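Asker: Dropping in start_0.cif, with mmCIF, C-alpha atoms and all ligand atoms.
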```cif
data_target
#
loop_
_atom_site.label_atom_id
_atom_site.label_comp_id
_atom_site.auth_asym_id
_atom_site.auth_seq_id
_atom_site.Cartn_x
_atom_site.Cartn_y
_atom_site.Cartn_z
CA MET A 1 249.07 51.05 -7.71
CA GLU A 2 250.94 51.87 -4.43
CA LYS A 3 248.12 54.33 -3.76
CA ILE A 4 245.69 51.53 -2.91
CA ASP A 5 245.53 48.82 -0.30
CA LEU A 6 244.90 45.55 -2.15
CA LYS A 7 243.53 44.01 1.05
CA ARG A 8 240.68 46.54 1.32
CA LEU A 9 239.36 46.65 -2.21
CA PRO A 10 235.71 47.33 -3.00
CA ARG A 11 234.15 43.95 -3.67
CA HIS A 12 231.78 45.33 -6.30
CA ILE A 13 232.42 48.35 -8.54
CA ALA A 14 229.65 49.76 -10.76
CA ILE A 15 230.34 52.30 -13.49
CA ILE A 16 228.17 54.78 -15.40
CA MET A 17 230.31 55.22 -18.51
CA ASP A 18 229.44 58.73 -19.65
CA GLY A 19 230.93 61.25 -22.06
CA ASN A 20 231.51 59.29 -25.27
CA GLY A 21 229.62 61.89 -27.31
CA ARG A 22 231.51 64.84 -25.81
CA TRP A 23 234.83 63.07 -26.33
CA ALA A 24 233.94 62.65 -30.02
CA ALA A 25 232.94 66.31 -30.33
CA GLN A 26 236.21 67.40 -28.70
CA HIS A 27 238.09 65.41 -31.32
CA THR A 28 235.82 66.59 -34.15
CA LEU A 29 234.71 63.02 -34.76
CA GLY A 30 231.26 61.45 -35.08
CA ARG A 31 229.54 60.02 -31.98
CA ALA A 32 230.24 56.49 -33.23
CA SER A 33 233.99 57.11 -32.79
CA GLY A 34 233.37 58.14 -29.19
CA HIS A 35 231.54 54.89 -28.49
CA LYS A 36 234.27 52.89 -30.22
CA LYS A 37 236.94 54.52 -28.06
CA GLY A 38 234.60 53.90 -25.10
CA ALA A 39 234.65 50.18 -25.87
CA ASP A 40 238.48 50.31 -25.68
CA ALA A 41 238.18 51.90 -22.22
CA VAL A 42 235.91 48.99 -21.23
CA ARG A 43 238.69 46.57 -22.21
CA THR A 44 241.22 48.47 -20.08
CA VAL A 45 238.96 48.64 -17.03
CA VAL A 46 237.96 44.97 -17.19
CA LYS A 47 241.63 43.99 -17.44
CA THR A 48 242.63 46.22 -14.53
CA CYS A 49 239.81 44.99 -12.29
CA ARG A 50 240.78 41.39 -13.02
CA GLU A 51 244.46 42.14 -12.33
CA ILE A 52 243.93 43.79 -8.97
CA GLY A 53 241.28 41.34 -7.79
CA ILE A 54 237.89 43.07 -8.00
CA GLY A 55 235.24 40.36 -7.67
CA TYR A 56 232.34 42.14 -9.37
CA LEU A 57 232.31 44.82 -12.04
CA THR A 58 229.01 46.16 -13.38
CA LEU A 59 228.91 48.44 -16.42
CA TYR A 60 225.95 50.57 -17.55
CA ALA A 61 226.20 50.04 -21.30
CA PHE A 62 222.68 50.91 -22.49
CA SER A 63 219.71 52.24 -20.55
CA VAL A 64 216.02 51.79 -21.36
CA GLU A 65 216.03 55.52 -22.14
CA ASN A 66 218.85 55.05 -24.69
CA TRP A 67 216.36 53.38 -27.07
CA LEU A 68 215.13 56.91 -27.79
CA ARG A 69 218.47 57.92 -29.36
CA PRO A 70 218.69 58.15 -33.18
CA ALA A 71 218.32 54.66 -34.72
CA GLU A 72 221.78 54.89 -36.26
CA GLU A 73 223.44 55.48 -32.88
CA VAL A 74 221.47 52.64 -31.26
CA SER A 75 222.65 50.39 -34.07
CA VAL A 76 226.31 51.45 -33.57
CA LEU A 77 226.09 50.71 -29.84
CA MET A 78 224.52 47.30 -30.41
CA LYS A 79 227.15 46.42 -32.99
CA LEU A 80 229.96 47.44 -30.63
CA LEU A 81 228.51 45.28 -27.88
CA GLU A 82 228.17 42.30 -30.14
CA GLU A 83 231.74 42.77 -31.39
CA TYR A 84 233.01 43.19 -27.84
CA LEU A 85 231.39 39.97 -26.67
CA ASN A 86 232.56 38.00 -29.68
CA SER A 87 236.13 39.32 -29.60
CA GLU A 88 236.59 39.02 -25.81
CA LEU A 89 234.95 35.65 -25.18
CA ALA A 90 238.12 33.56 -25.35
CA SER A 91 239.98 36.00 -23.11
CA MET A 92 237.10 35.99 -20.60
CA ILE A 93 237.25 32.21 -20.37
CA GLU A 94 241.03 32.26 -20.08
CA ASN A 95 240.87 34.83 -17.28
CA ASP A 96 238.01 33.06 -15.48
CA ILE A 97 235.58 35.98 -15.91
CA ARG A 98 231.87 35.18 -15.90
CA ILE A 99 229.71 37.34 -18.13
CA ASN A 100 226.35 38.30 -16.74
CA ILE A 101 223.84 40.46 -18.58
CA ILE A 102 221.04 42.36 -16.84
CA GLY A 103 218.13 44.29 -18.34
CA ASP A 104 215.12 43.75 -20.56
CA LEU A 105 216.72 41.46 -23.11
CA GLU A 106 213.43 40.94 -25.00
CA GLU A 107 214.01 44.33 -26.61
CA LEU A 108 217.31 43.32 -28.20
CA ARG A 109 217.74 42.08 -31.74
CA PRO A 110 218.14 38.29 -32.20
CA SER A 111 221.83 38.32 -33.20
CA ILE A 112 222.75 40.21 -30.02
CA ARG A 113 220.59 37.94 -27.87
CA LYS A 114 222.46 35.00 -29.39
CA ALA A 115 225.88 36.55 -28.65
CA LEU A 116 224.79 37.35 -25.09
CA LYS A 117 223.47 33.87 -24.49
CA GLU A 118 226.64 32.31 -25.83
CA ALA A 119 228.84 34.58 -23.70
CA MET A 120 226.85 33.74 -20.56
CA THR A 121 226.72 30.00 -21.23
CA LYS A 122 230.39 29.65 -22.15
CA THR A 123 231.57 31.59 -19.08
CA ALA A 124 229.03 30.15 -16.62
CA HIS A 125 231.76 28.09 -14.90
CA CYS A 126 234.09 31.07 -14.37
CA ARG A 127 234.57 32.13 -10.77
CA THR A 128 237.32 34.77 -10.34
CA MET A 129 235.36 37.80 -11.48
CA VAL A 130 231.79 38.56 -12.57
CA LEU A 131 231.44 41.14 -15.33
CA THR A 132 227.84 42.35 -15.45
CA ILE A 133 226.74 44.41 -18.42
CA ALA A 134 223.52 46.37 -17.94
CA LEU A 135 221.74 46.49 -21.28
CA SER A 136 218.31 47.93 -21.94
CA TYR A 137 218.37 48.40 -18.18
CA GLY A 138 216.33 50.75 -16.01
CA GLY A 139 216.35 50.71 -12.21
CA ARG A 140 212.68 51.64 -11.84
CA ASP A 141 211.67 49.10 -14.50
CA GLU A 142 213.65 46.47 -12.60
CA ILE A 143 211.79 47.22 -9.37
CA VAL A 144 208.41 47.13 -11.16
CA MET A 145 209.36 43.78 -12.74
CA ALA A 146 210.28 42.41 -9.29
CA VAL A 147 207.04 43.67 -7.71
CA ARG A 148 205.01 42.01 -10.50
CA LYS A 149 206.81 38.71 -9.98
CA ILE A 150 206.29 38.89 -6.21
CA ALA A 151 202.58 39.65 -6.72
CA ALA A 152 202.31 36.67 -9.08
CA ASP A 153 203.99 34.42 -6.50
CA VAL A 154 201.63 35.67 -3.76
CA THR A 155 198.64 34.99 -6.02
CA ARG A 156 199.92 31.48 -6.72
CA GLY A 157 200.44 30.89 -3.01
CA LYS A 158 204.19 30.42 -3.42
CA ILE A 159 204.84 33.12 -0.82
CA VAL A 160 202.64 34.89 1.73
CA LEU A 161 202.38 38.65 2.22
CA ALA A 162 204.26 38.60 5.54
CA GLU A 163 207.29 37.08 3.83
CA ILE A 164 207.85 40.17 1.65
CA SER A 165 210.96 41.89 2.98
CA LYS A 166 213.93 43.89 1.68
CA GLU A 167 215.92 40.66 1.46
CA LEU A 168 213.16 38.88 -0.47
CA LEU A 169 212.72 41.78 -2.90
CA SER A 170 216.46 41.73 -3.60
CA THR A 171 216.19 38.13 -4.74
CA TYR A 172 213.62 39.12 -7.41
CA LEU A 173 215.89 41.76 -8.99
CA TYR A 174 218.17 41.14 -11.99
CA THR A 175 221.06 41.43 -9.52
CA ALA A 176 219.85 38.64 -7.21
CA THR A 177 223.20 36.86 -7.31
CA LEU A 178 225.38 39.98 -6.90
CA PRO A 179 226.40 41.81 -3.73
CA ASP A 180 225.34 45.48 -3.62
CA PRO A 181 227.93 47.79 -5.21
CA ASP A 182 230.47 49.26 -2.77
CA LEU A 183 231.70 51.93 -5.18
CA LEU A 184 229.86 53.58 -8.04
CA ILE A 185 231.87 55.66 -10.51
CA ARG A 186 230.37 58.15 -12.96
CA THR A 187 232.55 59.84 -15.53
CA SER A 188 232.21 63.11 -17.49
CA GLY A 189 231.32 65.48 -14.65
CA GLU A 190 227.66 64.49 -14.37
CA TYR A 191 226.26 63.97 -10.87
CA ARG A 192 223.25 61.74 -11.40
CA LEU A 193 222.30 58.11 -10.96
CA SER A 194 220.26 58.06 -14.21
CA ASN A 195 218.08 55.12 -13.21
CA PHE A 196 221.06 52.82 -12.52
CA LEU A 197 220.95 50.29 -9.66
CA LEU A 198 218.49 52.40 -7.64
CA TRP A 199 217.67 49.75 -5.06
CA GLN A 200 221.17 48.30 -4.88
CA SER A 201 223.02 51.59 -4.32
CA ALA A 202 221.33 52.49 -1.01
CA TYR A 203 224.72 52.43 0.83
CA THR A 204 227.11 52.69 -2.11
CA GLU A 205 229.95 55.23 -2.11
CA PHE A 206 229.73 57.52 -5.15
CA TYR A 207 232.77 58.82 -7.03
CA PHE A 208 232.41 61.43 -9.74
CA THR A 209 235.19 62.45 -12.12
CA ASP A 210 235.38 64.96 -14.96
CA VAL A 211 237.32 62.47 -17.11
CA LEU A 212 235.30 61.49 -20.19
CA TRP A 213 234.72 57.74 -20.44
CA PRO A 214 236.91 57.18 -23.57
CA ASP A 215 239.82 58.81 -21.67
CA PHE A 216 239.29 56.72 -18.52
CA GLN A 217 242.43 54.71 -17.84
CA LYS A 218 243.96 52.44 -15.26
CA LYS A 219 245.21 55.42 -13.22
CA ASP A 220 241.68 56.85 -13.05
CA LEU A 221 240.31 53.59 -11.68
CA ILE A 222 243.10 53.45 -9.12
CA ALA A 223 242.33 57.06 -8.09
CA ALA A 224 238.65 56.13 -7.57
CA ILE A 225 239.59 53.13 -5.42
CA ALA A 226 242.07 55.24 -3.42
CA GLU A 227 239.31 57.78 -2.71
CA PHE A 228 236.93 54.95 -1.74
CA GLN A 229 239.50 53.65 0.74
CA LYS A 230 239.64 57.07 2.45
CA ARG A 231 235.92 57.05 3.15
CA GLU A 232 234.31 55.76 6.30
CA ARG A 233 231.25 53.66 5.52
CA ARG A 234 228.83 53.95 8.39
CA PHE A 235 225.64 52.33 7.04
CA GLY A 236 223.61 54.71 9.25
CA LEU A 237 225.69 54.10 12.41
CA THR A 238 227.87 56.62 14.27
CA SER A 239 231.67 56.72 13.78
CA ASP A 240 232.15 55.36 17.33
CA GLN A 241 229.86 52.42 16.61
CA VAL A 242 231.71 51.65 13.38
CA ARG A 243 235.06 51.68 15.22
CA GLU A 244 233.68 49.34 17.89
CA GLU A 245 232.37 46.97 15.18
CA MET A 246 235.79 46.94 13.47
CA LYS A 247 237.47 46.01 16.77
CA GLY A 248 234.92 43.27 17.50
C1 LIG B 1 227.37 57.48 -22.59
O1 LIG B 1 227.99 58.44 -23.39
C2 LIG B 1 227.65 56.14 -23.04
C3 LIG B 1 226.72 55.29 -23.55
C4 LIG B 1 225.32 55.66 -23.71
C5 LIG B 1 227.08 53.94 -24.00
C6 LIG B 1 228.21 53.24 -23.32
C7 LIG B 1 228.79 52.29 -24.31
C8 LIG B 1 230.10 52.01 -24.48
C9 LIG B 1 231.15 52.52 -23.56
C10 LIG B 1 230.62 51.17 -25.61
C11 LIG B 1 230.25 49.75 -25.68
C12 LIG B 1 230.10 49.03 -24.39
C13 LIG B 1 230.66 47.81 -24.11
C14 LIG B 1 230.33 47.14 -22.83
C15 LIG B 1 231.60 47.15 -25.01
P1 LIG B 1 227.10 59.51 -24.15
O2 LIG B 1 226.89 59.05 -25.53
O3 LIG B 1 225.84 59.76 -23.38
O4 LIG B 1 228.04 60.76 -24.08
P2 LIG B 1 227.64 62.30 -24.05
O5 LIG B 1 226.82 62.51 -22.80
O6 LIG B 1 228.95 62.98 -24.00
O7 LIG B 1 226.87 62.57 -25.31
#
```
Using the file provided, produce a representation of the structure as structure tokens.
Answerer:
Amino acid sequence: MEKIDLKRLPRHIAIIMDGNGRWAAQHTLGRASGHKKGADAVRTVVKTCREIGIGYLTLYAFSVENWLRPAEEVSVLMKLLEEYLNSELASMIENDIRINIIGDLEELRPSIRKALKEAMTKTAHCRTMVLTIALSYGGRDEIVMAVRKIAADVTRGKIVLAEISKELLSTYLYTATLPDPDLLIRTSGEYRLSNFLLWQSAYTEFYFTDVLWPDFQKKDLIAAIAEFQKRERRFGLTSDQVREEMKG
């Protein structure tokens, strides 16, 4: 914990939780066990973020592409999510954590949709941290959805063509109410964005670690934040300009 400056924390951390399957194989267990252990790592990370004061945490739990996995694995993942939401709800309320779900929820089975809706409604008043779970989510799909909605609003005369801007498009995305991520972590030694937060991560700092998601612990999160704090974020400016802006 001494490794990080609590006054300069990333406001929004996004995580691609990868490596559950490989963790299971390493332990000669079935993939389901890897996902189960992965759900425990989710608990640890949520708790740590809340403790240190991260305002927004976004987890990539299930991509649109994940629907193509064997039906049994999809079912295990859905069950784990439902269990997670049901078992953590009281603790979320107690810790003032708002649950936010993004993705194409139409694709989900009714019992999960019910659990999601309940989790969102019952935590809607919570303010200290926002936990966003990306489910049946795809970054390109999200942008297409936003473009369709904008086109519909232009057709209806709600907005005019000249009003379409980067800022306006952002308000049509699932993440309209969230700041862009400052730090994006991907575990398991893979160096890809895999269709996650494509628009939102334009200026995000990326951190890759070989640690498999089920092994990801508090110390690994702290190491990622420490690395983030060493970086200079320039947003396209020069170092001199950034230093001047900091002074001003
Ligand atoms: C990637 O590992 C992980 C997933 C596709 C699912 C992530 C789900 C969880 C961590 C559990 C439940 C989530 C919550 C929010 C409670 P992989 O299966 O692709 O691993 P591999 O690349 O090693 O096969």
Asker: Identify which of the residues A:Gly157, A:Gly30, A:Gly21, A:Pro214 lies closest to ligand LIG 1 (chain B), counting all atoms listed in the file when measuring atom-to-atom distances.
Answerer: A:Gly21
Asker: Could you give me, as JSON lines, a per-residue list for chain A showing, wherever an atom lies at most 6 Å from an atom of ligand LIG 1 (chain B), the closest pair of atoms and their distance in Å to one decimal, using all atoms listed in the file and sorting by chain then residue number from low to high?
Answerer:
```
{"residue": "A:Met17", "atom": "CA", "partner": "B:LIG1", "partner_atom": "C2", "distance": 5.3}
{"residue": "A:Asp18", "atom": "CA", "partner": "B:LIG1", "partner_atom": "C1", "distance": 3.8}
{"residue": "A:Gly19", "atom": "CA", "partner": "B:LIG1", "partner_atom": "O6", "distance": 3.3}
{"residue": "A:Asn20", "atom": "CA", "partner": "B:LIG1", "partner_atom": "O4", "distance": 4.0}
{"residue": "A:Gly21", "atom": "CA", "partner": "B:LIG1", "partner_atom": "O7", "distance": 3.5}
{"residue": "A:Arg22", "atom": "CA", "partner": "B:LIG1", "partner_atom": "O6", "distance": 3.6}
{"residue": "A:His35", "atom": "CA", "partner": "B:LIG1", "partner_atom": "C10", "distance": 4.8}
{"residue": "A:Gly38", "atom": "CA", "partner": "B:LIG1", "partner_atom": "C9", "distance": 4.0}
{"residue": "A:Ala39", "atom": "CA", "partner": "B:LIG1", "partner_atom": "C10", "distance": 4.2}
{"residue": "A:Ala61", "atom": "CA", "partner": "B:LIG1", "partner_atom": "C6", "distance": 4.3}
{"residue": "A:Phe62", "atom": "CA", "partner": "B:LIG1", "partner_atom": "C5", "distance": 5.6}
{"residue": "A:Leu77", "atom": "CA", "partner": "B:LIG1", "partner_atom": "C11", "distance": 6.0}
{"residue": "A:Leu80", "atom": "CA", "partner": "B:LIG1", "partner_atom": "C11", "distance": 5.5}
{"residue": "A:Leu81", "atom": "CA", "partner": "B:LIG1", "partner_atom": "C15", "distance": 4.6}
{"residue": "A:Tyr84", "atom": "CA", "partner": "B:LIG1", "partner_atom": "C15", "distance": 5.1}
```
Asker: For Ile222 (chain A), which of A:Ser111, A:Thr48, A:Ser136, A:Ser170 is the closest residue, counting only C-alpha atoms?
Answerer: A:Thr48
Asker: Measure the distance from CA of Lys219 (chain A) to CA of Glu83 (chain A) in Å and round it to one decimal.
Answerer: 25.9 Å
Asker: So, with only C-alpha atoms as the atoms that count, which of A:Glu245, A:Glu2, A:Glu232, A:Glu73 lies closest to Ser33 (chain A)?
Answerer: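 Using only C-alpha atoms, Ser33 (chain A) sits closest to A:Glu73.
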Asker: Just want the 10 Å neighbourhood of Leu6 (chain A), counted on only C-alpha atoms, with same-chain residues fewer than 3 positions away dropped. Output as a list in words.
Answerer: Met1, Glu2, Lys3, Leu9, Pro10, Ile52, Gly53, Ile54 and Ile225 of chain A
Asker: Quick one, how far is CA of Ala71 (chain A) from CA of Leu198 (chain A)?
Answerer: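 Between CA of Ala71 (chain A) and CA of Leu198 (chain A) the gap is 27.2 Å.
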Asker: Find the residue from A:Arg127, A:Arg31, A:Leu197, A:Arg192 that sits nearest to Arg69 (chain A); use all atoms listed in the file when measuring.
Answerer: A:Arg31
Asker: Find the residue from A:Ala134, A:Ile143, A:Leu212, A:Leu85 that sits nearest to Lys122 (chain A); use all atoms listed in the file when measuring.
Answerer: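 Comparing A:Ala134, A:Ile143, A:Leu212, A:Leu85 against Lys122 (chain A), the winner is A:Leu85.
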Asker: What does the distance between CA of Leu178 (chain A) and CA of Thr58 (chain A) come to in Å, to one decimal place?
Answerer: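 Separation between CA of Leu178 (chain A) and CA of Thr58 (chain A): 9.7 Å.
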Asker: Choose the residue, out of A:Trp23, A:Tyr137, A:Phe196, A:Tyr191, that has the smallest atom-to-atom separation from Asp215 (chain A); count all atoms listed in the file.
Answerer: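 Nearest candidate to Asp215 (chain A) out of A:Trp23, A:Tyr137, A:Phe196, A:Tyr191: A:Trp23.
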Asker: List the spatial neighbours of Glu94 (chain A) as a count of residues only - criterion: any atom at most 12 Å away, only C-alpha atoms, same-chain residues fewer than 6 positions off excluded.
Answerer: 9
Asker: List the residues sitting within 10 Å of (223.4, 35.2, -19.9) in the file's frame, using only C-alpha atoms, as a list in words.
Answerer: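 Final list of nearby residues, as requested, is Arg98, Ile99, Asn100, Ile101, Ile102, Leu105, Arg113, Lys114, Ala115, Leu116, Lys117, Glu118, Ala119, Met120, Thr121, Lys122, Thr123, Ala124, Thr132 and Ile133 of chain A.
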Asker: Add whatever atoms are absent from region 161-172 of chain A to reach all heavy atoms, and provide the output as an mmCIF file, in the frame of the given file.
Answerer:
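rebuild-v5.cif, freshly written:
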```
data_model
loop_
_atom_site.group_PDB
_atom_site.id
_atom_site.type_symbol
_atom_site.label_atom_id
_atom_site.label_comp_id
_atom_site.auth_asym_id
_atom_site.auth_seq_id
_atom_site.Cartn_x
_atom_site.Cartn_y
_atom_site.Cartn_z
ATOM 1 N N LEU A 161 202.105 37.218 2.105
ATOM 2 C CA LEU A 161 202.380 38.650 2.220
ATOM 3 C C LEU A 161 203.428 38.972 3.281
ATOM 4 O O LEU A 161 204.335 39.780 3.048
ATOM 5 C CB LEU A 161 201.052 39.354 2.562
ATOM 6 C CG LEU A 161 200.832 40.758 2.021
ATOM 7 C CD1 LEU A 161 201.047 40.826 0.532
ATOM 8 C CD2 LEU A 161 199.434 41.227 2.389
ATOM 9 N N ALA A 162 203.347 38.305 4.425
ATOM 10 C CA ALA A 162 204.260 38.600 5.540
ATOM 11 C C ALA A 162 205.712 38.261 5.211
ATOM 12 O O ALA A 162 206.628 38.735 5.878
ATOM 13 C CB ALA A 162 203.808 37.834 6.781
ATOM 14 N N GLU A 163 205.912 37.451 4.193
ATOM 15 C CA GLU A 163 207.290 37.080 3.830
ATOM 16 C C GLU A 163 207.984 38.151 2.987
ATOM 17 O O GLU A 163 209.185 38.074 2.753
ATOM 18 C CB GLU A 163 207.281 35.770 3.027
ATOM 19 C CG GLU A 163 207.079 34.537 3.889
ATOM 20 C CD GLU A 163 206.977 33.284 3.028
ATOM 21 O OE1 GLU A 163 206.108 33.243 2.136
ATOM 22 O OE2 GLU A 163 207.773 32.363 3.242
ATOM 23 N N ILE A 164 207.235 39.144 2.504
ATOM 24 C CA ILE A 164 207.850 40.170 1.650
ATOM 25 C C ILE A 164 208.716 41.093 2.508
ATOM 26 O O ILE A 164 208.230 41.732 3.432
ATOM 27 C CB ILE A 164 206.784 40.977 0.872
ATOM 28 C CG1 ILE A 164 205.943 40.032 0.002
ATOM 29 C CG2 ILE A 164 207.454 42.053 0.010
ATOM 30 C CD1 ILE A 164 204.795 40.718 -0.714
ATOM 31 N N SER A 165 209.994 41.099 2.204
ATOM 32 C CA SER A 165 210.960 41.890 2.980
ATOM 33 C C SER A 165 211.975 42.490 2.006
ATOM 34 O O SER A 165 211.969 42.158 0.808
ATOM 35 C CB SER A 165 211.702 40.968 3.949
ATOM 36 O OG SER A 165 212.435 40.007 3.193
ATOM 37 N N LYS A 166 212.883 43.317 2.536
ATOM 38 C CA LYS A 166 213.930 43.890 1.680
ATOM 39 C C LYS A 166 214.770 42.761 1.074
ATOM 40 O O LYS A 166 215.129 42.787 -0.095
ATOM 41 C CB LYS A 166 214.856 44.799 2.511
ATOM 42 C CG LYS A 166 214.207 46.105 2.897
ATOM 43 C CD LYS A 166 215.087 46.895 3.820
ATOM 44 C CE LYS A 166 215.050 46.350 5.226
ATOM 45 N NZ LYS A 166 215.642 47.186 6.257
ATOM 46 N N GLU A 167 215.069 41.771 1.913
ATOM 47 C CA GLU A 167 215.920 40.660 1.460
ATOM 48 C C GLU A 167 215.210 39.886 0.347
ATOM 49 O O GLU A 167 215.816 39.526 -0.659
ATOM 50 C CB GLU A 167 216.238 39.706 2.619
ATOM 51 C CG GLU A 167 217.156 40.288 3.683
ATOM 52 C CD GLU A 167 216.489 41.345 4.576
ATOM 53 O OE1 GLU A 167 215.242 41.327 4.687
ATOM 54 O OE2 GLU A 167 217.207 42.187 5.138
ATOM 55 N N LEU A 168 213.896 39.645 0.547
ATOM 56 C CA LEU A 168 213.160 38.880 -0.470
ATOM 57 C C LEU A 168 213.101 39.677 -1.775
ATOM 58 O O LEU A 168 213.354 39.130 -2.856
ATOM 59 C CB LEU A 168 211.741 38.549 0.011
ATOM 60 C CG LEU A 168 210.998 37.694 -1.016
ATOM 61 C CD1 LEU A 168 211.097 36.214 -0.672
ATOM 62 C CD2 LEU A 168 209.553 38.099 -1.167
ATOM 63 N N LEU A 169 212.806 40.976 -1.670
ATOM 64 C CA LEU A 169 212.720 41.780 -2.900
ATOM 65 C C LEU A 169 214.046 41.727 -3.672
ATOM 66 O O LEU A 169 214.061 41.578 -4.895
ATOM 67 C CB LEU A 169 212.313 43.221 -2.596
ATOM 68 C CG LEU A 169 211.797 43.965 -3.823
ATOM 69 C CD1 LEU A 169 210.627 44.868 -3.483
ATOM 70 C CD2 LEU A 169 212.864 44.765 -4.530
ATOM 71 N N SER A 170 215.146 41.776 -2.936
ATOM 72 C CA SER A 170 216.460 41.730 -3.600
ATOM 73 C C SER A 170 216.623 40.467 -4.450
ATOM 74 O O SER A 170 217.286 40.505 -5.489
ATOM 75 C CB SER A 170 217.590 41.761 -2.569
ATOM 76 O OG SER A 170 217.600 43.002 -1.920
ATOM 77 N N THR A 171 216.024 39.384 -3.990
ATOM 78 C CA THR A 171 216.190 38.130 -4.740
ATOM 79 C C THR A 171 215.342 38.095 -6.021
ATOM 80 O O THR A 171 215.505 37.203 -6.841
ATOM 81 C CB THR A 171 215.825 36.882 -3.891
ATOM 82 O OG1 THR A 171 214.415 36.911 -3.636
ATOM 83 C CG2 THR A 171 216.590 36.830 -2.589
ATOM 84 N N TYR A 172 214.440 39.065 -6.189
ATOM 85 C CA TYR A 172 213.620 39.120 -7.410
ATOM 86 C C TYR A 172 214.212 40.101 -8.441
ATOM 87 O O TYR A 172 213.693 40.245 -9.524
ATOM 88 C CB TYR A 172 212.185 39.548 -7.077
ATOM 89 C CG TYR A 172 211.335 38.406 -6.544
ATOM 90 C CD1 TYR A 172 211.436 37.986 -5.228
ATOM 91 C CD2 TYR A 172 210.430 37.742 -7.370
ATOM 92 C CE1 TYR A 172 210.662 36.945 -4.732
ATOM 93 C CE2 TYR A 172 209.645 36.700 -6.892
ATOM 94 C CZ TYR A 172 209.772 36.305 -5.578
ATOM 95 O OH TYR A 172 209.004 35.273 -5.107
#
```
